[in-house]
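J.: Following this message is one structure expressed as C-alpha cells.
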Amino acid sequence: MPGVRLTAGEYVAVNFRLWWHAAATRRNHWLLGLALALLAASAALQLRGRAPDGAFAWSSPVLLAVGLAYGALRPLLVRRLLRRTYRRSAAMQVPISYELTAAEIRGHSALGHFALPWAALRRAVWVRPDWLLLYPTEAACYYLDLRRLPAAYPADELAALLTGHQVPQVKS
C-alpha cells in the first residue's frame, strides 16, 4: 500500500466514530441523561409550587440549561479536539507505505520505518467501510486504508491472517 495518508477529515471521522461507540461515552450519555431528567423533574416540581420547602431555587433550571448545552455541544468539542490533535501531529500528515506479509507488517515514511510481527499487535479495529486500525500499543495505531489493500490481501483474508495470529478484532 504505497503512500497511505490520512486526511484531517478522515482522521476526525474515524476517531469520532470510535469515540461515539466507546463504552465510556455511552455511559457518560446515560449519566448525563439521568441527571438532566432529575433536574427537569426538580425544576418542574418547583415551577408547580410543590417544592418541599415551597421556595423556588434557580439552581435546577440553570443546571438543566448548562447540562443541555453541554450535551448538545460535546460532540462539537470532541471534533474540535480531534482536528487540533491532527494538526499538531507531524506523523499523521506524512504519507506512509505499508507492506503486508504473512509474518509481519512493515511501514516506511519520511520519518522512518518499522517492521512488526502480526502477533505483536494488541488489537485491530475495523472502522467500516474504509479503515483498519492496528494497535501495537494502547496509545497509538497504524491506519490502513482498506480501499488501497493489495490484491494479495483482500479485507477478509487480512481478517483471517489477524485471527491466525490471535490478534483481537473489533468492528466499529
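Please note that chains go A, B, ... in the order of the C-alpha cells, that every chain numbers its residues from 1, and that ligands are numbered from 1 in the order shown.
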Can you pull out every residue within 9 Å of stretch 122-137 of chain A, counting only C-alpha atoms, but drop anything in the same chain fewer than 5 positions away, and send it as a list in words?

T.: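 In the requested form, the answer reads Val14, Arg17, Leu18, Leu116, Tyr142, Tyr143, Leu144, Asp145, Leu146, Arg147, Leu162, Val167, Pro168, Gln169, Val170, Lys171 and Ser172 of chain A.
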
J.: List as a list in words the protein and nucleic acid residues near A:Leu63, meaning an atom at most 12 Å away when only C-alpha atoms are counted, but skip any in the same chain fewer than 5 places from it.

T.: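 Final neighbour list, sorted by chain and number: Leu32, Ala35, Leu36, Ala37, Leu38, Leu39, Ala40, Ser42, Ala43, Ala57, Trp58, Leu68, Ala69 and Tyr70 of chain A.
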
J.: What separation in Å, quoted to one decimal, exists between atom CA of A:Leu161 and atom CA of A:Gly9?

T.: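 So the answer is 29.3 Å.
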
J.: Quick one: of A:His165, A:Arg79, A:His108, A:Arg5, who's nearest to A:Trp20, counting only C-alpha atoms?

T.: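 Comparing A:His165, A:Arg79, A:His108, A:Arg5 against A:Trp20, the winner is A:Arg79.
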
J.: Need the shell around A:Ser89: protein/DNA/RNA residues with any atom at most 12 Å away, counting only C-alpha atoms. Skip same-chain ones fewer than 3 positions apart. Format as a ChimeraX atom specification?

T.: /A:6-8,11,82-86,92-94

J.: Take the selection from the previous step and output its residues with all heavy atoms, as an mmCIF file, in the first residue's frame.

T.:
```cif
data_model
loop_
_atom_site.group_PDB
_atom_site.id
_atom_site.type_symbol
_atom_site.label_atom_id
_atom_site.label_comp_id
_atom_site.auth_asym_id
_atom_site.auth_seq_id
_atom_site.Cartn_x
_atom_site.Cartn_y
_atom_site.Cartn_z
ATOM 1 N N LEU A 6 -3.687 9.787 5.797
ATOM 2 C CA LEU A 6 -4.963 10.038 6.453
ATOM 3 C C LEU A 6 -5.195 11.545 6.454
ATOM 4 O O LEU A 6 -4.390 12.298 7.001
ATOM 5 C CB LEU A 6 -4.884 9.497 7.887
ATOM 6 C CG LEU A 6 -6.111 9.506 8.747
ATOM 7 C CD1 LEU A 6 -7.152 8.536 8.185
ATOM 8 C CD2 LEU A 6 -5.753 9.093 10.158
ATOM 9 N N THR A 7 -6.284 11.990 5.830
ATOM 10 C CA THR A 7 -6.583 13.423 5.824
ATOM 11 C C THR A 7 -7.172 13.829 7.166
ATOM 12 O O THR A 7 -7.611 12.979 7.957
ATOM 13 C CB THR A 7 -7.586 13.777 4.713
ATOM 14 O OG1 THR A 7 -8.846 13.158 5.021
ATOM 15 C CG2 THR A 7 -7.088 13.341 3.345
ATOM 16 N N ALA A 8 -7.234 15.120 7.408
ATOM 17 C CA ALA A 8 -7.807 15.619 8.660
ATOM 18 C C ALA A 8 -9.264 15.186 8.786
ATOM 19 O O ALA A 8 -9.711 14.755 9.852
ATOM 20 C CB ALA A 8 -7.686 17.138 8.726
ATOM 21 N N TYR A 11 -9.411 11.490 9.617
ATOM 22 C CA TYR A 11 -8.982 11.280 10.999
ATOM 23 C C TYR A 11 -10.110 11.620 11.969
ATOM 24 O O TYR A 11 -10.406 10.852 12.889
ATOM 25 C CB TYR A 11 -7.741 12.127 11.303
ATOM 26 C CG TYR A 11 -7.279 12.024 12.732
ATOM 27 C CD1 TYR A 11 -6.513 10.948 13.153
ATOM 28 C CD2 TYR A 11 -7.628 12.999 13.667
ATOM 29 C CE1 TYR A 11 -6.094 10.840 14.471
ATOM 30 C CE2 TYR A 11 -7.217 12.899 14.982
ATOM 31 C CZ TYR A 11 -6.456 11.817 15.378
ATOM 32 O OH TYR A 11 -6.055 11.711 16.682
ATOM 33 N N LEU A 82 -10.239 16.672 18.102
ATOM 34 C CA LEU A 82 -9.646 15.739 17.137
ATOM 35 C C LEU A 82 -8.940 16.497 16.008
ATOM 36 O O LEU A 82 -7.840 16.107 15.592
ATOM 37 C CB LEU A 82 -10.713 14.809 16.576
ATOM 38 C CG LEU A 82 -11.242 13.756 17.557
ATOM 39 C CD1 LEU A 82 -12.473 13.054 16.986
ATOM 40 C CD2 LEU A 82 -10.160 12.763 17.917
ATOM 41 N N ARG A 83 -9.561 17.563 15.507
ATOM 42 C CA ARG A 83 -8.903 18.365 14.454
ATOM 43 C C ARG A 83 -7.600 18.965 14.971
ATOM 44 O O ARG A 83 -6.588 18.975 14.270
ATOM 45 C CB ARG A 83 -9.841 19.464 13.960
ATOM 46 C CG ARG A 83 -10.833 19.004 12.929
ATOM 47 C CD ARG A 83 -11.552 20.170 12.259
ATOM 48 N NE ARG A 83 -12.395 20.904 13.169
ATOM 49 C CZ ARG A 83 -13.639 20.561 13.512
ATOM 50 N NH1 ARG A 83 -14.179 19.478 13.000
ATOM 51 N NH2 ARG A 83 -14.341 21.295 14.347
ATOM 52 N N ARG A 84 -7.609 19.459 16.207
ATOM 53 C CA ARG A 84 -6.405 20.049 16.785
ATOM 54 C C ARG A 84 -5.323 18.983 16.959
ATOM 55 O O ARG A 84 -4.149 19.232 16.679
ATOM 56 C CB ARG A 84 -6.722 20.700 18.131
ATOM 57 C CG ARG A 84 -5.516 21.401 18.697
ATOM 58 C CD ARG A 84 -5.727 22.124 19.984
ATOM 59 N NE ARG A 84 -7.073 22.138 20.486
ATOM 60 C CZ ARG A 84 -7.387 22.498 21.716
ATOM 61 N NH1 ARG A 84 -6.460 22.872 22.558
ATOM 62 N NH2 ARG A 84 -8.635 22.496 22.125
ATOM 63 N N THR A 85 -5.709 17.792 17.410
ATOM 64 C CA THR A 85 -4.748 16.695 17.563
ATOM 65 C C THR A 85 -4.098 16.359 16.223
ATOM 66 O O THR A 85 -2.881 16.155 16.144
ATOM 67 C CB THR A 85 -5.454 15.443 18.135
ATOM 68 O OG1 THR A 85 -6.003 15.778 19.408
ATOM 69 C CG2 THR A 85 -4.491 14.281 18.270
ATOM 70 N N TYR A 86 -4.906 16.305 15.170
ATOM 71 C CA TYR A 86 -4.374 16.007 13.842
ATOM 72 C C TYR A 86 -3.375 17.085 13.407
ATOM 73 O O TYR A 86 -2.289 16.777 12.922
ATOM 74 C CB TYR A 86 -5.507 15.901 12.819
ATOM 75 C CG TYR A 86 -5.009 15.583 11.431
ATOM 76 C CD1 TYR A 86 -4.785 14.274 11.042
ATOM 77 C CD2 TYR A 86 -4.745 16.598 10.514
ATOM 78 C CE1 TYR A 86 -4.322 13.974 9.776
ATOM 79 C CE2 TYR A 86 -4.280 16.305 9.247
ATOM 80 C CZ TYR A 86 -4.061 14.998 8.881
ATOM 81 O OH TYR A 86 -3.585 14.708 7.628
ATOM 82 N N MET A 92 1.059 12.223 11.561
ATOM 83 C CA MET A 92 -0.232 11.966 10.912
ATOM 84 C C MET A 92 -0.271 12.495 9.483
ATOM 85 O O MET A 92 -1.000 11.980 8.658
ATOM 86 C CB MET A 92 -1.373 12.635 11.681
ATOM 87 C CG MET A 92 -1.633 12.045 12.992
ATOM 88 S SD MET A 92 -2.702 10.652 12.778
ATOM 89 C CE MET A 92 -3.014 10.295 14.453
ATOM 90 N N GLN A 93 0.481 13.520 9.232
ATOM 91 C CA GLN A 93 0.380 14.215 7.952
ATOM 92 C C GLN A 93 1.401 13.742 6.922
ATOM 93 O O GLN A 93 1.430 14.250 5.805
ATOM 94 C CB GLN A 93 0.506 15.711 8.200
ATOM 95 C CG GLN A 93 -0.596 16.192 9.124
ATOM 96 C CD GLN A 93 -0.417 17.601 9.589
ATOM 97 O OE1 GLN A 93 0.072 18.441 8.848
ATOM 98 N NE2 GLN A 93 -0.824 17.889 10.808
ATOM 99 N N VAL A 94 2.212 12.758 7.296
ATOM 100 C CA VAL A 94 3.223 12.217 6.393
ATOM 101 C C VAL A 94 2.689 10.910 5.800
ATOM 102 O O VAL A 94 2.263 10.025 6.542
ATOM 103 C CB VAL A 94 4.546 11.957 7.155
ATOM 104 C CG1 VAL A 94 5.556 11.283 6.262
ATOM 105 C CG2 VAL A 94 5.092 13.253 7.710
#
```

J.: Could you check how far atom CA of A:Ala72 sits from atom CA of A:Ala44, in Å to one decimal?

T.: 21.2 Å

J.: What gap, in Å, lies between atom CA of A:Pro117 and atom CA of A:Ile105?

T.: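 Between atom CA of A:Pro117 and atom CA of A:Ile105 the gap is 6.3 Å.
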
J.: Just list the residues in chain A DSSP gives strand (DSSP E or B) on the backbone, as a ChimeraX atom specification.

T.: /A:4,96-100,104-109,112-117,123-127,131-135,142-145,169-171

J.: Could those selected residues go to a file with N, CA and C atoms, as a CSV table (one decimal), in the first residue's frame?

T.:
```csv
chain,number,residue,atom,x,y,z
A,4,VAL,N,-0.1,5.8,2.0
A,4,VAL,CA,-1.3,6.0,2.7
A,4,VAL,C,-1.2,7.3,3.5
A,96,ILE,N,2.5,7.2,4.5
A,96,ILE,CA,3.3,6.0,4.9
A,96,ILE,C,2.9,4.9,4.0
A,97,SER,N,3.9,4.2,3.6
A,97,SER,CA,3.7,3.0,2.7
A,97,SER,C,3.8,1.7,3.6
A,98,TYR,N,2.8,0.9,3.4
A,98,TYR,CA,2.7,-0.4,4.2
A,98,TYR,C,3.0,-1.5,3.2
A,99,GLU,N,3.7,-2.5,3.8
A,99,GLU,CA,3.9,-3.8,3.1
A,99,GLU,C,3.4,-4.9,4.0
A,100,LEU,N,2.5,-5.7,3.5
A,100,LEU,CA,1.9,-6.7,4.3
A,100,LEU,C,2.4,-8.1,3.9
A,104,GLU,N,4.5,-10.3,9.0
A,104,GLU,CA,4.6,-9.0,9.6
A,104,GLU,C,4.0,-7.9,8.7
A,105,ILE,N,3.9,-6.8,9.4
A,105,ILE,CA,3.5,-5.6,8.6
A,105,ILE,C,4.8,-4.6,8.7
A,106,ARG,N,5.1,-4.0,7.6
A,106,ARG,CA,6.2,-3.1,7.5
A,106,ARG,C,5.7,-1.8,7.0
A,107,GLY,N,6.3,-0.7,7.6
A,107,GLY,CA,5.9,0.6,7.2
A,107,GLY,C,7.1,1.5,6.9
A,108,HIS,N,7.0,2.3,5.9
A,108,HIS,CA,8.1,3.2,5.5
A,108,HIS,C,7.5,4.6,5.3
A,109,SER,N,8.1,5.6,5.9
A,109,SER,CA,7.7,7.0,5.6
A,109,SER,C,9.0,7.9,5.7
A,112,GLY,N,10.7,7.5,9.1
A,112,GLY,CA,11.4,6.3,9.5
A,112,GLY,C,10.7,5.1,9.0
A,113,HIS,N,11.0,3.9,9.5
A,113,HIS,CA,10.4,2.7,9.1
A,113,HIS,C,10.3,1.8,10.3
A,114,PHE,N,9.4,0.8,10.1
A,114,PHE,CA,9.2,-0.2,11.2
A,114,PHE,C,8.9,-1.6,10.5
A,115,ALA,N,9.1,-2.6,11.3
A,115,ALA,CA,8.6,-4.0,10.9
A,115,ALA,C,8.1,-4.5,12.2
A,116,LEU,N,6.8,-5.0,12.2
A,116,LEU,CA,6.2,-5.5,13.3
A,116,LEU,C,5.5,-6.9,13.1
A,117,PRO,N,5.8,-7.9,13.8
A,117,PRO,CA,5.1,-9.2,13.6
A,117,PRO,C,3.6,-9.0,13.9
A,123,ARG,N,-4.4,-5.2,19.3
A,123,ARG,CA,-5.8,-5.4,18.8
A,123,ARG,C,-5.9,-4.7,17.4
A,124,ALA,N,-6.9,-5.1,16.7
A,124,ALA,CA,-7.2,-4.5,15.4
A,124,ALA,C,-8.7,-4.0,15.4
A,125,VAL,N,-8.9,-2.8,15.0
A,125,VAL,CA,-10.3,-2.2,15.0
A,125,VAL,C,-10.7,-1.9,13.5
A,126,TRP,N,-11.7,-2.6,13.1
A,126,TRP,CA,-12.3,-2.4,11.7
A,126,TRP,C,-13.3,-1.2,11.8
A,127,VAL,N,-12.9,-0.1,11.2
A,127,VAL,CA,-13.8,1.0,11.1
A,127,VAL,C,-14.4,1.1,9.7
A,131,TRP,N,-11.4,1.8,6.9
A,131,TRP,CA,-10.2,1.8,7.6
A,131,TRP,C,-10.0,0.6,8.6
A,132,LEU,N,-8.8,0.2,8.7
A,132,LEU,CA,-8.4,-0.8,9.7
A,132,LEU,C,-7.3,-0.2,10.6
A,133,LEU,N,-7.6,-0.1,11.9
A,133,LEU,CA,-6.6,0.5,12.8
A,133,LEU,C,-5.9,-0.7,13.5
A,134,LEU,N,-4.6,-0.7,13.5
A,134,LEU,CA,-3.8,-1.7,14.1
A,134,LEU,C,-3.0,-1.1,15.3
A,135,TYR,N,-3.3,-1.6,16.5
A,135,TYR,CA,-2.7,-1.1,17.7
A,135,TYR,C,-1.5,-1.9,18.2
A,142,TYR,N,-1.7,2.2,13.7
A,142,TYR,CA,-1.4,2.4,12.3
A,142,TYR,C,-2.8,2.4,11.6
A,143,TYR,N,-3.0,3.3,10.7
A,143,TYR,CA,-4.2,3.5,9.9
A,143,TYR,C,-4.0,2.8,8.6
A,144,LEU,N,-4.7,1.7,8.3
A,144,LEU,CA,-4.6,1.1,7.0
A,144,LEU,C,-5.8,1.4,6.2
A,145,ASP,N,-5.6,2.0,5.0
A,145,ASP,CA,-6.8,2.3,4.2
A,145,ASP,C,-7.2,1.1,3.4
A,169,GLN,N,-9.9,-8.7,17.3
A,169,GLN,CA,-10.5,-7.8,16.4
A,169,GLN,C,-11.8,-7.2,16.9
A,170,VAL,N,-12.1,-6.0,16.6
A,170,VAL,CA,-13.3,-5.3,17.0
A,170,VAL,C,-13.8,-4.6,15.7
A,171,LYS,N,-15.2,-4.7,15.5
A,171,LYS,CA,-15.8,-3.9,14.4
A,171,LYS,C,-16.5,-2.7,15.0
```

J.: Point out the residue among A:Asn28, A:Asn15, A:Cys141, A:Val66 with the least atom-to-atom distance to A:Ala91, counting only C-alpha atoms.

T.: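 The closest residue to A:Ala91 is A:Cys141.
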
J.: Among the residues of stretch 12-172 of chain A, find those DSSP assigns to alpha helix (DSSP H) from the backbone and print them as an MDAnalysis selection string.

T.: chainID A and resid 12:21 23:47 59:88 155:164

J.: With C-alpha atoms retained, could you export that selection as an mmCIF file, in the first residue's frame?

T.:
```cif
data_model
loop_
_atom_site.group_PDB
_atom_site.id
_atom_site.type_symbol
_atom_site.label_atom_id
_atom_site.label_comp_id
_atom_site.auth_asym_id
_atom_site.auth_seq_id
_atom_site.Cartn_x
_atom_site.Cartn_y
_atom_site.Cartn_z
ATOM 1 C CA VAL A 12 -11.846 13.169 12.623
ATOM 2 C CA ALA A 13 -14.490 10.869 11.110
ATOM 3 C CA VAL A 14 -12.729 7.641 12.134
ATOM 4 C CA ASN A 15 -11.870 8.750 15.651
ATOM 5 C CA PHE A 16 -15.231 10.418 16.263
ATOM 6 C CA ARG A 17 -16.921 7.158 15.329
ATOM 7 C CA LEU A 18 -14.679 5.277 17.771
ATOM 8 C CA TRP A 19 -15.413 7.835 20.496
ATOM 9 C CA TRP A 20 -19.155 7.703 19.842
ATOM 10 C CA HIS A 21 -19.257 3.880 20.117
ATOM 11 C CA ALA A 23 -18.467 2.215 26.337
ATOM 12 C CA ALA A 24 -17.295 5.211 28.366
ATOM 13 C CA THR A 25 -19.086 7.597 26.002
ATOM 14 C CA ARG A 26 -22.323 5.619 26.194
ATOM 15 C CA ARG A 27 -22.051 5.515 29.989
ATOM 16 C CA ASN A 28 -21.492 9.275 30.050
ATOM 17 C CA HIS A 29 -24.567 9.822 27.857
ATOM 18 C CA TRP A 30 -26.708 7.688 30.184
ATOM 19 C CA LEU A 31 -25.451 9.519 33.276
ATOM 20 C CA LEU A 32 -25.961 12.902 31.660
ATOM 21 C CA GLY A 33 -29.460 11.892 30.560
ATOM 22 C CA LEU A 34 -30.343 10.682 34.059
ATOM 23 C CA ALA A 35 -29.001 13.867 35.654
ATOM 24 C CA LEU A 36 -30.922 16.016 33.170
ATOM 25 C CA ALA A 37 -34.124 14.051 33.829
ATOM 26 C CA LEU A 38 -33.739 14.548 37.585
ATOM 27 C CA LEU A 39 -33.024 18.245 37.123
ATOM 28 C CA ALA A 40 -36.029 18.606 34.820
ATOM 29 C CA ALA A 41 -38.242 16.879 37.395
ATOM 30 C CA SER A 42 -36.898 19.121 40.139
ATOM 31 C CA ALA A 43 -37.475 22.266 38.078
ATOM 32 C CA ALA A 44 -40.985 21.124 37.126
ATOM 33 C CA LEU A 45 -41.874 20.471 40.764
ATOM 34 C CA GLN A 46 -40.560 23.874 41.738
ATOM 35 C CA LEU A 47 -42.496 25.607 38.964
ATOM 36 C CA SER A 59 -30.191 26.303 40.576
ATOM 37 C CA SER A 60 -32.218 23.486 38.998
ATOM 38 C CA PRO A 61 -33.257 25.364 35.826
ATOM 39 C CA VAL A 62 -29.782 26.874 35.463
ATOM 40 C CA LEU A 63 -28.070 23.499 35.900
ATOM 41 C CA LEU A 64 -30.584 21.969 33.498
ATOM 42 C CA ALA A 65 -29.734 24.601 30.866
ATOM 43 C CA VAL A 66 -25.989 24.087 31.381
ATOM 44 C CA GLY A 67 -26.403 20.297 31.127
ATOM 45 C CA LEU A 68 -28.448 20.594 27.931
ATOM 46 C CA ALA A 69 -25.863 22.947 26.422
ATOM 47 C CA TYR A 70 -23.055 20.566 27.393
ATOM 48 C CA GLY A 71 -24.900 17.596 25.903
ATOM 49 C CA ALA A 72 -25.516 19.467 22.669
ATOM 50 C CA LEU A 73 -22.026 20.933 22.340
ATOM 51 C CA ARG A 74 -19.983 17.922 23.475
ATOM 52 C CA PRO A 75 -19.822 16.248 20.029
ATOM 53 C CA LEU A 76 -18.671 19.561 18.525
ATOM 54 C CA LEU A 77 -15.988 19.900 21.194
ATOM 55 C CA VAL A 78 -14.754 16.353 20.563
ATOM 56 C CA ARG A 79 -14.499 17.042 16.815
ATOM 57 C CA ARG A 80 -12.623 20.268 17.514
ATOM 58 C CA LEU A 81 -10.148 18.438 19.779
ATOM 59 C CA LEU A 82 -9.646 15.739 17.137
ATOM 60 C CA ARG A 83 -8.903 18.365 14.454
ATOM 61 C CA ARG A 84 -6.405 20.049 16.785
ATOM 62 C CA THR A 85 -4.748 16.695 17.563
ATOM 63 C CA TYR A 86 -4.374 16.007 13.842
ATOM 64 C CA ARG A 87 -2.866 19.452 13.144
ATOM 65 C CA ARG A 88 -0.339 19.071 15.969
ATOM 66 C CA ALA A 155 -10.067 -7.456 3.702
ATOM 67 C CA ASP A 156 -11.465 -10.900 4.549
ATOM 68 C CA GLU A 157 -8.081 -12.540 4.002
ATOM 69 C CA LEU A 158 -6.447 -9.880 6.180
ATOM 70 C CA ALA A 159 -9.049 -10.624 8.885
ATOM 71 C CA ALA A 160 -8.204 -14.335 8.639
ATOM 72 C CA LEU A 161 -4.488 -13.502 8.919
ATOM 73 C CA LEU A 162 -5.135 -11.458 12.079
ATOM 74 C CA THR A 163 -7.252 -14.278 13.503
ATOM 75 C CA GLY A 164 -4.489 -16.772 12.731
#
```

J.: Taking only C-alpha atoms into account, which of A:Glu10, A:Arg48, A:Ala152, A:Ala140 comes nearest A:Ala102?

T.: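 Of all the options, A:Ala152 lies closest to A:Ala102.
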